[in-house]
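Student: If it helps, the file is called query-v9.cif and holds mmCIF, C-alpha atoms:
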```cif
data_upload
loop_
_atom_site.group_PDB
_atom_site.id
_atom_site.type_symbol
_atom_site.label_atom_id
_atom_site.label_comp_id
_atom_site.auth_asym_id
_atom_site.auth_seq_id
_atom_site.Cartn_x
_atom_site.Cartn_y
_atom_site.Cartn_z
ATOM 1 C CA MET A 188 -1.782 14.111 27.818
ATOM 2 C CA ILE A 189 -2.608 10.409 27.484
ATOM 3 C CA ASN A 190 -6.187 11.227 26.530
ATOM 4 C CA SER A 191 -5.075 13.583 23.753
ATOM 5 C CA LEU A 192 -2.669 10.924 22.443
ATOM 6 C CA LEU A 193 -5.454 8.346 22.457
ATOM 7 C CA ASN A 194 -7.716 10.793 20.628
ATOM 8 C CA ILE A 195 -5.070 11.245 17.931
ATOM 9 C CA PHE A 196 -4.651 7.454 17.740
ATOM 10 C CA TRP A 197 -8.408 6.987 17.276
ATOM 11 C CA LEU A 198 -8.538 9.765 14.642
ATOM 12 C CA TYR A 199 -5.836 7.971 12.657
ATOM 13 C CA GLY A 200 -7.464 4.611 13.411
ATOM 14 C CA ILE A 201 -10.655 5.715 11.625
ATOM 15 C CA TYR A 202 -8.740 6.551 8.457
ATOM 16 C CA ILE A 203 -6.657 3.365 8.720
ATOM 17 C CA ILE A 204 -9.885 1.323 8.744
ATOM 18 C CA VAL A 205 -11.254 3.350 5.794
ATOM 19 C CA LEU A 206 -8.019 2.755 3.821
ATOM 20 C CA SER A 207 -8.229 -0.980 4.601
ATOM 21 C CA VAL A 208 -11.821 -1.052 3.342
ATOM 22 C CA ILE A 209 -10.745 0.631 0.077
ATOM 23 C CA GLY A 210 -7.877 -1.835 -0.436
ATOM 24 C CA LEU A 211 -9.972 -4.906 0.398
ATOM 25 C CA TYR A 212 -12.832 -3.773 -1.835
ATOM 26 C CA CYS A 213 -10.409 -3.264 -4.732
ATOM 27 C CA ILE A 214 -8.918 -6.756 -4.261
ATOM 28 C CA LEU A 215 -12.344 -8.379 -4.053
ATOM 29 C CA VAL A 216 -14.044 -6.596 -6.942
ATOM 30 C CA THR A 217 -11.445 -6.019 -9.635
ATOM 31 C CA LEU A 218 -10.769 -8.428 -12.506
ATOM 32 C CA ASN A 219 -7.381 -6.980 -13.467
ATOM 33 C CA ILE A 220 -4.208 -8.446 -11.929
ATOM 34 C CA VAL A 221 -2.328 -5.127 -11.838
ATOM 35 C CA ARG A 222 -5.274 -3.471 -10.117
ATOM 36 C CA THR A 223 -5.259 -6.289 -7.528
ATOM 37 C CA LEU A 224 -1.619 -5.427 -6.794
ATOM 38 C CA ILE A 225 -2.614 -1.773 -6.470
ATOM 39 C CA GLY A 226 -5.267 -2.806 -3.907
ATOM 40 C CA ILE A 227 -2.618 -4.713 -1.937
ATOM 41 C CA GLU A 228 -0.427 -1.588 -2.035
ATOM 42 C CA VAL A 229 -3.285 0.503 -0.574
ATOM 43 C CA LEU A 230 -3.621 -2.081 2.222
ATOM 44 C CA MET A 231 0.139 -1.795 2.836
ATOM 45 C CA LYS A 232 -0.262 1.981 3.193
ATOM 46 C CA ALA A 233 -2.852 1.389 5.911
ATOM 47 C CA VAL A 234 -0.483 -0.967 7.762
ATOM 48 C CA THR A 235 2.391 1.531 7.457
ATOM 49 C CA LEU A 236 0.196 4.289 8.872
ATOM 50 C CA LEU A 237 -0.824 2.007 11.754
ATOM 51 C CA ILE A 238 2.816 1.316 12.672
ATOM 52 C CA VAL A 239 3.690 5.042 12.476
ATOM 53 C CA ILE A 240 0.822 6.141 14.706
ATOM 54 C CA SER A 241 1.487 3.294 17.177
ATOM 55 C CA GLY A 242 5.110 4.404 17.498
ATOM 56 C CA PHE A 243 4.042 8.037 17.908
ATOM 57 C CA THR A 244 1.437 7.208 20.566
ATOM 58 C CA CYS A 245 3.758 5.003 22.620
ATOM 59 C CA GLY A 246 6.759 7.282 22.142
ATOM 60 C CA HIS A 247 8.810 4.564 20.432
ATOM 61 C CA THR A 248 9.372 6.252 17.079
ATOM 62 C CA ALA A 249 12.815 4.711 16.504
ATOM 63 C CA LEU A 250 11.450 1.187 16.818
ATOM 64 C CA SER A 251 8.462 1.971 14.608
ATOM 65 C CA GLN A 252 10.740 3.459 11.938
ATOM 66 C CA THR A 253 12.850 0.293 12.001
ATOM 67 C CA LEU A 254 9.743 -1.830 11.502
ATOM 68 C CA ILE A 255 8.587 0.421 8.647
ATOM 69 C CA ILE A 256 11.944 0.034 6.888
ATOM 70 C CA THR A 257 11.551 -3.762 7.141
ATOM 71 C CA LEU A 258 7.980 -3.498 5.837
ATOM 72 C CA ILE A 259 9.073 -1.376 2.868
ATOM 73 C CA VAL A 260 11.784 -3.901 1.940
ATOM 74 C CA ILE A 261 9.248 -6.754 2.071
ATOM 75 C CA GLU A 262 6.746 -4.669 0.072
ATOM 76 C CA THR A 263 9.278 -3.917 -2.660
ATOM 77 C CA VAL A 264 10.375 -7.538 -3.023
ATOM 78 C CA PHE A 265 6.751 -8.690 -3.049
ATOM 79 C CA ILE A 266 5.820 -6.196 -5.778
ATOM 80 C CA ALA A 267 8.897 -7.084 -7.873
ATOM 81 C CA VAL A 268 8.140 -10.828 -7.735
ATOM 82 C CA ALA A 269 4.433 -10.206 -8.375
ATOM 83 C CA MET A 270 5.347 -8.093 -11.422
ATOM 84 C CA GLY A 271 7.423 -11.019 -12.723
ATOM 85 C CA ILE A 272 4.436 -13.338 -12.262
ATOM 86 C CA VAL A 273 2.135 -10.812 -13.996
ATOM 87 C CA LEU A 274 4.592 -10.654 -16.901
ATOM 88 C CA GLY A 275 4.622 -14.461 -17.135
ATOM 89 C CA VAL A 276 0.823 -14.572 -17.076
ATOM 90 C CA TYR A 277 0.641 -11.927 -19.795
ATOM 91 C CA ARG A 278 3.076 -13.854 -22.002
ATOM 92 C CA HIS A 279 0.986 -17.013 -21.632
ATOM 93 C CA THR A 280 -2.532 -15.610 -21.958
ATOM 94 C CA LYS A 281 -1.967 -12.224 -23.680
ATOM 95 C CA SER A 282 -4.351 -10.764 -21.108
ATOM 96 C CA LEU A 283 -4.358 -9.356 -17.572
ATOM 97 C CA GLU A 284 -7.910 -10.441 -16.775
ATOM 98 C CA THR A 285 -8.259 -12.894 -13.910
ATOM 99 C CA LYS A 286 -11.262 -14.571 -15.564
ATOM 100 C CA ASN A 287 -8.918 -15.828 -18.322
ATOM 101 C CA LEU A 288 -6.738 -17.703 -15.805
ATOM 102 C CA THR A 289 -8.543 -21.016 -16.035
ATOM 103 C CA ASN A 290 -5.649 -23.423 -16.661
ATOM 104 C CA LEU A 291 -5.923 -25.023 -13.210
ATOM 105 C CA LYS A 292 -9.721 -25.109 -13.217
ATOM 106 C CA GLY A 293 -10.955 -28.573 -12.236
ATOM 107 C CA MET B 211 -2.645 20.142 14.832
ATOM 108 C CA ALA B 212 -5.765 17.982 14.544
ATOM 109 C CA ILE B 213 -7.156 20.009 11.616
ATOM 110 C CA ILE B 214 -3.970 19.698 9.553
ATOM 111 C CA ASP B 215 -3.794 16.016 10.452
ATOM 112 C CA GLU B 216 -7.364 15.479 9.370
ATOM 113 C CA ILE B 217 -6.841 17.373 6.085
ATOM 114 C CA LEU B 218 -3.809 15.209 5.304
ATOM 115 C CA LEU B 219 -5.702 12.027 6.187
ATOM 116 C CA ILE B 220 -8.677 13.035 4.021
ATOM 117 C CA ALA B 221 -6.242 13.778 1.168
ATOM 118 C CA LEU B 222 -4.706 10.321 1.683
ATOM 119 C CA VAL B 223 -8.103 8.605 1.523
ATOM 120 C CA ALA B 224 -9.100 10.692 -1.537
ATOM 121 C CA ALA B 225 -5.847 9.730 -3.289
ATOM 122 C CA ALA B 226 -6.451 6.054 -2.421
ATOM 123 C CA LEU B 227 -10.015 6.277 -3.784
ATOM 124 C CA TRP B 228 -8.746 7.872 -6.991
ATOM 125 C CA THR B 229 -6.066 5.147 -7.233
ATOM 126 C CA VAL B 230 -8.649 2.400 -7.022
ATOM 127 C CA MET B 231 -11.329 3.995 -9.196
ATOM 128 C CA ALA B 232 -9.243 5.694 -11.924
ATOM 129 C CA ARG B 233 -10.182 4.781 -15.459
ATOM 130 C CA SER B 234 -6.719 3.888 -16.761
ATOM 131 C CA LEU B 235 -3.999 1.890 -15.036
ATOM 132 C CA LEU B 236 -1.446 4.667 -15.556
ATOM 133 C CA ARG B 237 -3.634 7.066 -13.596
ATOM 134 C CA SER B 238 -3.979 4.433 -10.879
ATOM 135 C CA ALA B 239 -0.185 4.141 -10.624
ATOM 136 C CA LEU B 240 0.041 7.931 -10.458
ATOM 137 C CA GLY B 241 -2.546 7.966 -7.662
ATOM 138 C CA LEU B 242 -0.519 5.368 -5.772
ATOM 139 C CA ALA B 243 2.583 7.575 -5.996
ATOM 140 C CA LEU B 244 0.516 10.537 -4.774
ATOM 141 C CA SER B 245 -0.827 8.600 -1.781
ATOM 142 C CA SER B 246 2.731 7.506 -0.912
ATOM 143 C CA ALA B 247 3.870 11.138 -1.041
ATOM 144 C CA ILE B 248 1.010 12.224 1.265
ATOM 145 C CA LEU B 249 1.817 9.348 3.622
ATOM 146 C CA SER B 250 5.439 10.448 3.792
ATOM 147 C CA ILE B 251 4.319 13.990 4.757
ATOM 148 C CA ILE B 252 2.218 12.455 7.560
ATOM 149 C CA MET B 253 5.262 10.442 8.678
ATOM 150 C CA PHE B 254 7.379 13.609 8.832
ATOM 151 C CA LYS B 255 4.677 15.227 10.946
ATOM 152 C CA LEU B 256 4.605 12.260 13.324
ATOM 153 C CA GLY B 257 8.357 12.376 13.958
ATOM 154 C CA SER B 258 9.484 9.534 11.683
ATOM 155 C CA PRO B 259 11.761 11.281 9.156
ATOM 156 C CA VAL B 260 13.898 8.253 8.215
ATOM 157 C CA ALA B 261 10.858 6.119 7.435
ATOM 158 C CA ALA B 262 9.343 9.058 5.526
ATOM 159 C CA VAL B 263 12.411 9.310 3.299
ATOM 160 C CA PHE B 264 12.233 5.551 2.633
ATOM 161 C CA GLU B 265 8.525 5.808 1.855
ATOM 162 C CA LEU B 266 9.067 8.731 -0.509
ATOM 163 C CA SER B 267 12.016 7.261 -2.382
ATOM 164 C CA VAL B 268 11.047 3.585 -2.493
ATOM 165 C CA CYS B 269 7.238 3.533 -2.472
ATOM 166 C CA ALA B 270 6.544 6.776 -4.357
ATOM 167 C CA GLY B 271 9.575 6.331 -6.622
ATOM 168 C CA LEU B 272 10.705 2.769 -7.190
ATOM 169 C CA ILE B 273 7.400 0.921 -6.838
ATOM 170 C CA SER B 274 5.587 3.482 -9.014
ATOM 171 C CA ALA B 275 8.325 3.097 -11.639
ATOM 172 C CA LEU B 276 7.835 -0.683 -11.485
ATOM 173 C CA PHE B 277 4.097 -0.213 -12.005
ATOM 174 C CA PHE B 278 4.682 2.152 -14.953
ATOM 175 C CA CYS B 279 7.085 -0.405 -16.489
ATOM 176 C CA ILE B 280 4.688 -3.342 -16.197
ATOM 177 C CA ILE B 281 1.762 -1.278 -17.528
ATOM 178 C CA THR B 282 3.835 -0.176 -20.527
ATOM 179 C CA ILE B 283 5.183 -3.684 -21.216
ATOM 180 C CA THR B 284 1.779 -5.333 -21.067
ATOM 181 C CA GLU B 285 0.366 -2.903 -23.629
ATOM 182 C CA PRO B 286 -2.641 -1.402 -21.894
ATOM 183 C CA LEU B 287 -6.003 -1.088 -23.617
ATOM 184 C CA THR B 288 -6.524 1.553 -26.260
ATOM 185 C CA PRO B 289 -8.492 4.665 -25.185
ATOM 186 C CA GLU B 290 -11.556 3.390 -27.080
ATOM 187 C CA LYS B 291 -11.480 0.027 -25.272
ATOM 188 C CA VAL B 292 -10.902 1.777 -21.938
ATOM 189 C CA ARG B 293 -14.037 3.822 -22.585
ATOM 190 C CA GLU B 294 -15.955 0.651 -23.509
ATOM 191 C CA GLU B 295 -14.911 -1.168 -20.347
ATOM 192 C CA ALA B 296 -15.388 1.880 -18.110
ATOM 193 C CA GLY B 297 -19.115 1.207 -17.797
ATOM 194 C CA ALA B 298 -18.665 -2.341 -16.518
ATOM 195 C CA ARG B 299 -15.904 -1.266 -14.121
ATOM 196 C CA PHE B 300 -17.957 1.651 -12.840
ATOM 197 C CA GLY B 301 -20.754 -0.825 -12.121
ATOM 198 C CA ARG B 302 -18.417 -2.865 -9.931
ATOM 199 C CA PHE B 303 -16.896 0.121 -8.106
ATOM 200 C CA ARG B 304 -20.017 2.280 -7.708
ATOM 201 C CA TYR B 305 -20.666 0.942 -4.180
ATOM 202 C CA LEU B 306 -17.207 1.909 -2.902
ATOM 203 C CA PRO B 307 -17.719 5.676 -2.202
ATOM 204 C CA PRO B 308 -20.992 5.089 -0.262
ATOM 205 C CA ILE B 309 -19.365 2.242 1.698
ATOM 206 C CA VAL B 310 -16.352 4.441 2.526
ATOM 207 C CA LEU B 311 -18.608 7.306 3.613
ATOM 208 C CA ALA B 312 -20.773 4.971 5.721
ATOM 209 C CA VAL B 313 -17.749 3.390 7.450
ATOM 210 C CA TRP B 314 -16.254 6.853 8.110
ATOM 211 C CA PHE B 315 -19.545 8.203 9.479
ATOM 212 C CA VAL B 316 -20.168 5.195 11.763
ATOM 213 C CA LEU B 317 -16.615 5.268 13.101
ATOM 214 C CA ARG B 318 -16.860 9.013 13.785
ATOM 215 C CA LEU B 319 -19.967 8.375 15.885
ATOM 216 C CA ILE B 320 -18.308 5.697 17.998
ATOM 217 C CA SER B 321 -16.180 6.977 20.849
ATOM 218 C CA PHE B 322 -13.897 4.020 21.244
ATOM 219 C CA LYS B 323 -12.289 3.652 24.664
ATOM 220 C CA LEU B 324 -8.805 2.271 24.222
ATOM 221 C CA ASP B 325 -7.271 0.575 27.230
ATOM 222 C CA ILE B 326 -3.662 1.367 26.479
ATOM 223 C CA LYS B 327 -1.096 1.260 29.232
ATOM 224 C CA VAL B 328 1.574 3.953 29.317
ATOM 225 C CA ALA B 329 4.706 2.607 27.678
ATOM 226 C CA LEU B 330 8.132 2.993 29.216
ATOM 227 C CA PRO B 331 10.126 5.857 27.722
ATOM 228 C CA GLU B 332 12.271 4.899 24.771
ATOM 229 C CA ALA B 333 15.762 3.896 25.875
ATOM 230 C CA ILE B 334 17.397 4.424 22.474
ATOM 231 C CA THR B 335 16.148 7.190 20.189
ATOM 232 C CA ASP B 336 18.609 6.655 17.330
ATOM 233 C CA VAL B 337 17.120 4.638 14.472
ATOM 234 C CA ARG B 338 20.527 3.380 13.323
ATOM 235 C CA GLN B 339 21.326 1.986 16.755
ATOM 236 C CA VAL B 340 17.949 0.256 17.033
ATOM 237 C CA LEU B 341 18.299 -1.216 13.538
ATOM 238 C CA TRP B 342 21.907 -2.381 13.731
ATOM 239 C CA ALA B 343 22.205 -3.274 17.422
ATOM 240 C CA HIS B 344 18.750 -4.422 18.536
ATOM 241 C CA ARG B 345 16.954 -5.650 15.413
ATOM 242 C CA GLN B 346 19.701 -7.741 13.823
ATOM 243 C CA LEU B 347 17.310 -10.621 13.190
ATOM 244 C CA ASP B 348 15.175 -8.258 11.091
ATOM 245 C CA LEU B 349 18.240 -7.428 9.011
ATOM 246 C CA ILE B 350 18.946 -11.118 8.402
ATOM 247 C CA GLY B 351 15.301 -11.543 7.407
ATOM 248 C CA GLN B 352 15.524 -8.587 5.027
ATOM 249 C CA ILE B 353 18.646 -9.994 3.388
ATOM 250 C CA LEU B 354 16.989 -13.411 2.982
ATOM 251 C CA ILE B 355 13.835 -11.850 1.501
ATOM 252 C CA LEU B 356 15.901 -9.758 -0.910
ATOM 253 C CA LEU B 357 17.817 -12.867 -2.027
ATOM 254 C CA CYS B 358 14.546 -14.795 -2.447
ATOM 255 C CA GLY B 359 13.130 -11.905 -4.489
ATOM 256 C CA VAL B 360 16.171 -11.726 -6.762
ATOM 257 C CA TYR B 361 16.158 -15.524 -7.200
ATOM 258 C CA GLY B 362 12.423 -15.524 -7.981
ATOM 259 C CA ILE B 363 12.739 -12.782 -10.595
ATOM 260 C CA VAL B 364 15.736 -14.508 -12.225
ATOM 261 C CA ILE B 365 13.824 -17.814 -12.419
ATOM 262 C CA LEU B 366 10.698 -16.131 -13.840
ATOM 263 C CA LEU B 367 12.577 -14.210 -16.526
ATOM 264 C CA LYS B 368 14.834 -17.174 -17.362
ATOM 265 C CA GLU B 369 11.815 -19.438 -17.876
ATOM 266 C CA ALA B 370 10.140 -16.867 -20.107
ATOM 267 C CA ARG B 371 13.285 -16.454 -22.223
ATOM 268 C CA GLY B 372 13.674 -20.246 -22.492
ATOM 269 C CA LYS B 373 10.115 -20.634 -23.767
ATOM 270 C CA ARG B 374 10.646 -17.888 -26.357
ATOM 271 C CA ASP B 375 13.733 -19.728 -27.711
#
```
Could you render the structure as structure tokens?

Tutor:
Amino acid sequence: MINSLLNIFWLYGIYIIVLSVIGLYCILVTLNIVRTLIGIEVLMKAVTLLIVISGFTCGHTALSQTLIITLIVIETVFIAVAMGIVLGVYRHTKSLETKNLTNLKG
Amino acid sequence: MAIIDEILLIALVAAALWTVMARSLLRSALGLALSSAILSIIMFKLGSPVAAVFELSVCAGLISALFFCIITITEPLTPEKVREEAGARFGRFRYLPPIVLAVWFVLRLISFKLDIKVALPEAITDVRQVLWAHRQLDLIGQILILLCGVYGIVILLKEARGKRD
């Protein structure tokens, strides 16, 4: 029983790592601010999946669901504020490219 | 069970790859909504229906709508410019599929031995009771974060309006 649960956890763990790699690669490589936010969202999906599978493996699904609800609230607020910042950047520079954000360059 | 799980997980990774590599931002936002929907199906399968409903309504609905709004407001590139920039973007993202495949293949070869102790059985199985009775500090944190978010958005939009005047 425990072995089968651990096998399921490792199966999900592989895909969680792959999702994290996709999100990190997107954040590192892209030059568009909105695409950077999309990369962060993909990383958040990996974290959500990790919490779900941890709760399922340990048998504490109620606690894991509570943590996911908190994570979703934080995610939504983060995205809303980041969208506001993106809008401000666009109004100042008329562009979404990160290479144009050179105002603070020393 | 493992085959269906694996199909869903592969679909999730494929949707995430499409999200990251799609040519236009609107398609990326659509891919994000799709990956949220697949994730919510996985949550249902793993016995987390409340979290799945939240994921489906907030992440696949609200956050995607926010992305669509910001992409529309910021006037995305014309189809011609998208085609022009596609080459440069493809050059940056061309290493991602091989990296993903390599990571997946290496991890499949490793048989990782997890030293997890058996957890005590869950005392309370009702999500509402856990949230309202045992995780009250989380609720206070959520309220504070929501207030901070609202305050931040108000300040950002107010400043922008002030500059326009």

Student: If you count only C-alpha atoms, which residues fall within 12 Å of Glu265 in chain B, apart from same-chain ones fewer than 5 positions away, as a ChimeraX atom specification?

Tutor: /A:231-232,235-236,239,252,255-260,262-263 /B:242-254,258-260,270-274

Student: Restricting the output to C-alpha atoms, write the selected residues as a compact mmCIF listing (two decimals), in the coordinates of the input.

Tutor:
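Below is the file that was written, again.txt:
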```
# COMPACT_ATOMS: atom_id res chain seq x y z
CA MET A 231 0.14 -1.80 2.84
CA LYS A 232 -0.26 1.98 3.19
CA THR A 235 2.39 1.53 7.46
CA LEU A 236 0.20 4.29 8.87
CA VAL A 239 3.69 5.04 12.48
CA GLN A 252 10.74 3.46 11.94
CA ILE A 255 8.59 0.42 8.65
CA ILE A 256 11.94 0.03 6.89
CA THR A 257 11.55 -3.76 7.14
CA LEU A 258 7.98 -3.50 5.84
CA ILE A 259 9.07 -1.38 2.87
CA VAL A 260 11.78 -3.90 1.94
CA GLU A 262 6.75 -4.67 0.07
CA THR A 263 9.28 -3.92 -2.66
CA LEU B 242 -0.52 5.37 -5.77
CA ALA B 243 2.58 7.58 -6.00
CA LEU B 244 0.52 10.54 -4.77
CA SER B 245 -0.83 8.60 -1.78
CA SER B 246 2.73 7.51 -0.91
CA ALA B 247 3.87 11.14 -1.04
CA ILE B 248 1.01 12.22 1.26
CA LEU B 249 1.82 9.35 3.62
CA SER B 250 5.44 10.45 3.79
CA ILE B 251 4.32 13.99 4.76
CA ILE B 252 2.22 12.46 7.56
CA MET B 253 5.26 10.44 8.68
CA PHE B 254 7.38 13.61 8.83
CA SER B 258 9.48 9.53 11.68
CA PRO B 259 11.76 11.28 9.16
CA VAL B 260 13.90 8.25 8.22
CA ALA B 270 6.54 6.78 -4.36
CA GLY B 271 9.57 6.33 -6.62
CA LEU B 272 10.70 2.77 -7.19
CA ILE B 273 7.40 0.92 -6.84
CA SER B 274 5.59 3.48 -9.01
```

Student: What lies within 8 Å of Phe243 in chain A using only C-alpha atoms, ignoring chain neighbours under 4 positions off, as a compact mmCIF listing (two decimals) with C-alpha atoms, keeping the file's coordinate frame?

Tutor:
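In the end it all went to out27.txt:
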```
# COMPACT_ATOMS: atom_id res chain seq x y z
CA VAL A 239 3.69 5.04 12.48
CA HIS A 247 8.81 4.56 20.43
CA THR A 248 9.37 6.25 17.08
CA LEU B 256 4.61 12.26 13.32
CA GLY B 257 8.36 12.38 13.96
```

Student: Enumerate, as a PyMOL selection string, the residues matched when the PyMOL selection byres ((chain A) within 8 of (chain B)) is run on the file above.

Tutor: chain A and resi 189+193+195+197-199+201-202+205-206+208-210+212-213+216-217+221-222+225-226+228-229+232+236+239-240+243+245-250+252-253+255-257+259-261+263-268+270-272+274-275+277-278

Student: Go ahead and write the residues just picked, C-alpha atoms, as a tab-separated table (two decimals), in the coordinates of the input.

Tutor:
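Dumped to selection.tsv:
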```
chain	number	residue	atom	x	y	z
A	189	ILE	CA	-2.61	10.41	27.48
A	193	LEU	CA	-5.45	8.35	22.46
A	195	ILE	CA	-5.07	11.24	17.93
A	197	TRP	CA	-8.41	6.99	17.28
A	198	LEU	CA	-8.54	9.76	14.64
A	199	TYR	CA	-5.84	7.97	12.66
A	201	ILE	CA	-10.66	5.72	11.62
A	202	TYR	CA	-8.74	6.55	8.46
A	205	VAL	CA	-11.25	3.35	5.79
A	206	LEU	CA	-8.02	2.76	3.82
A	208	VAL	CA	-11.82	-1.05	3.34
A	209	ILE	CA	-10.74	0.63	0.08
A	210	GLY	CA	-7.88	-1.84	-0.44
A	212	TYR	CA	-12.83	-3.77	-1.84
A	213	CYS	CA	-10.41	-3.26	-4.73
A	216	VAL	CA	-14.04	-6.60	-6.94
A	217	THR	CA	-11.44	-6.02	-9.64
A	221	VAL	CA	-2.33	-5.13	-11.84
A	222	ARG	CA	-5.27	-3.47	-10.12
A	225	ILE	CA	-2.61	-1.77	-6.47
A	226	GLY	CA	-5.27	-2.81	-3.91
A	228	GLU	CA	-0.43	-1.59	-2.04
A	229	VAL	CA	-3.28	0.50	-0.57
A	232	LYS	CA	-0.26	1.98	3.19
A	236	LEU	CA	0.20	4.29	8.87
A	239	VAL	CA	3.69	5.04	12.48
A	240	ILE	CA	0.82	6.14	14.71
A	243	PHE	CA	4.04	8.04	17.91
A	245	CYS	CA	3.76	5.00	22.62
A	246	GLY	CA	6.76	7.28	22.14
A	247	HIS	CA	8.81	4.56	20.43
A	248	THR	CA	9.37	6.25	17.08
A	249	ALA	CA	12.82	4.71	16.50
A	250	LEU	CA	11.45	1.19	16.82
A	252	GLN	CA	10.74	3.46	11.94
A	253	THR	CA	12.85	0.29	12.00
A	255	ILE	CA	8.59	0.42	8.65
A	256	ILE	CA	11.94	0.03	6.89
A	257	THR	CA	11.55	-3.76	7.14
A	259	ILE	CA	9.07	-1.38	2.87
A	260	VAL	CA	11.78	-3.90	1.94
A	261	ILE	CA	9.25	-6.75	2.07
A	263	THR	CA	9.28	-3.92	-2.66
A	264	VAL	CA	10.38	-7.54	-3.02
A	265	PHE	CA	6.75	-8.69	-3.05
A	266	ILE	CA	5.82	-6.20	-5.78
A	267	ALA	CA	8.90	-7.08	-7.87
A	268	VAL	CA	8.14	-10.83	-7.74
A	270	MET	CA	5.35	-8.09	-11.42
A	271	GLY	CA	7.42	-11.02	-12.72
A	272	ILE	CA	4.44	-13.34	-12.26
A	274	LEU	CA	4.59	-10.65	-16.90
A	275	GLY	CA	4.62	-14.46	-17.14
A	277	TYR	CA	0.64	-11.93	-19.80
A	278	ARG	CA	3.08	-13.85	-22.00
```

Student: Record the distance separating CA of Leu288 in chain A and CA of Thr223 in chain A, expressed in Å with one decimal.

Tutor: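 Computing it gives 14.2 Å between the two atoms.
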
Student: What does the structure give for the distance between CA of Glu295 in chain B and CA of Arg237 in chain B, in Å to one decimal?

Tutor: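 It comes out at 15.5 Å.
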
Student: Would you mind reading off the distance between CA of Glu284 in chain A and CA of Ala269 in chain A, one decimal, in Å?

Tutor: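 Between these atoms lies a distance of 14.9 Å.
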
Student: Quick one: 5 Å padding each side, axis-aligned, all listed atoms of range 307-311 of chain B - centre and edge lengths in Å to one decimal, as AutoDock Vina command-line options?

Tutor:
```
--center_x -18.7 --center_y 4.8 --center_z 0.7 --size_x 14.6 --size_y 15.1 --size_z 15.8
```

Student: Which residue is closest to Gln346 in chain B? Choose from A:Val276, A:Leu218, A:Leu254, A:Leu237 and count only C-alpha atoms.

Tutor: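 Smallest distance to Gln346 in chain B is found for A:Leu254.
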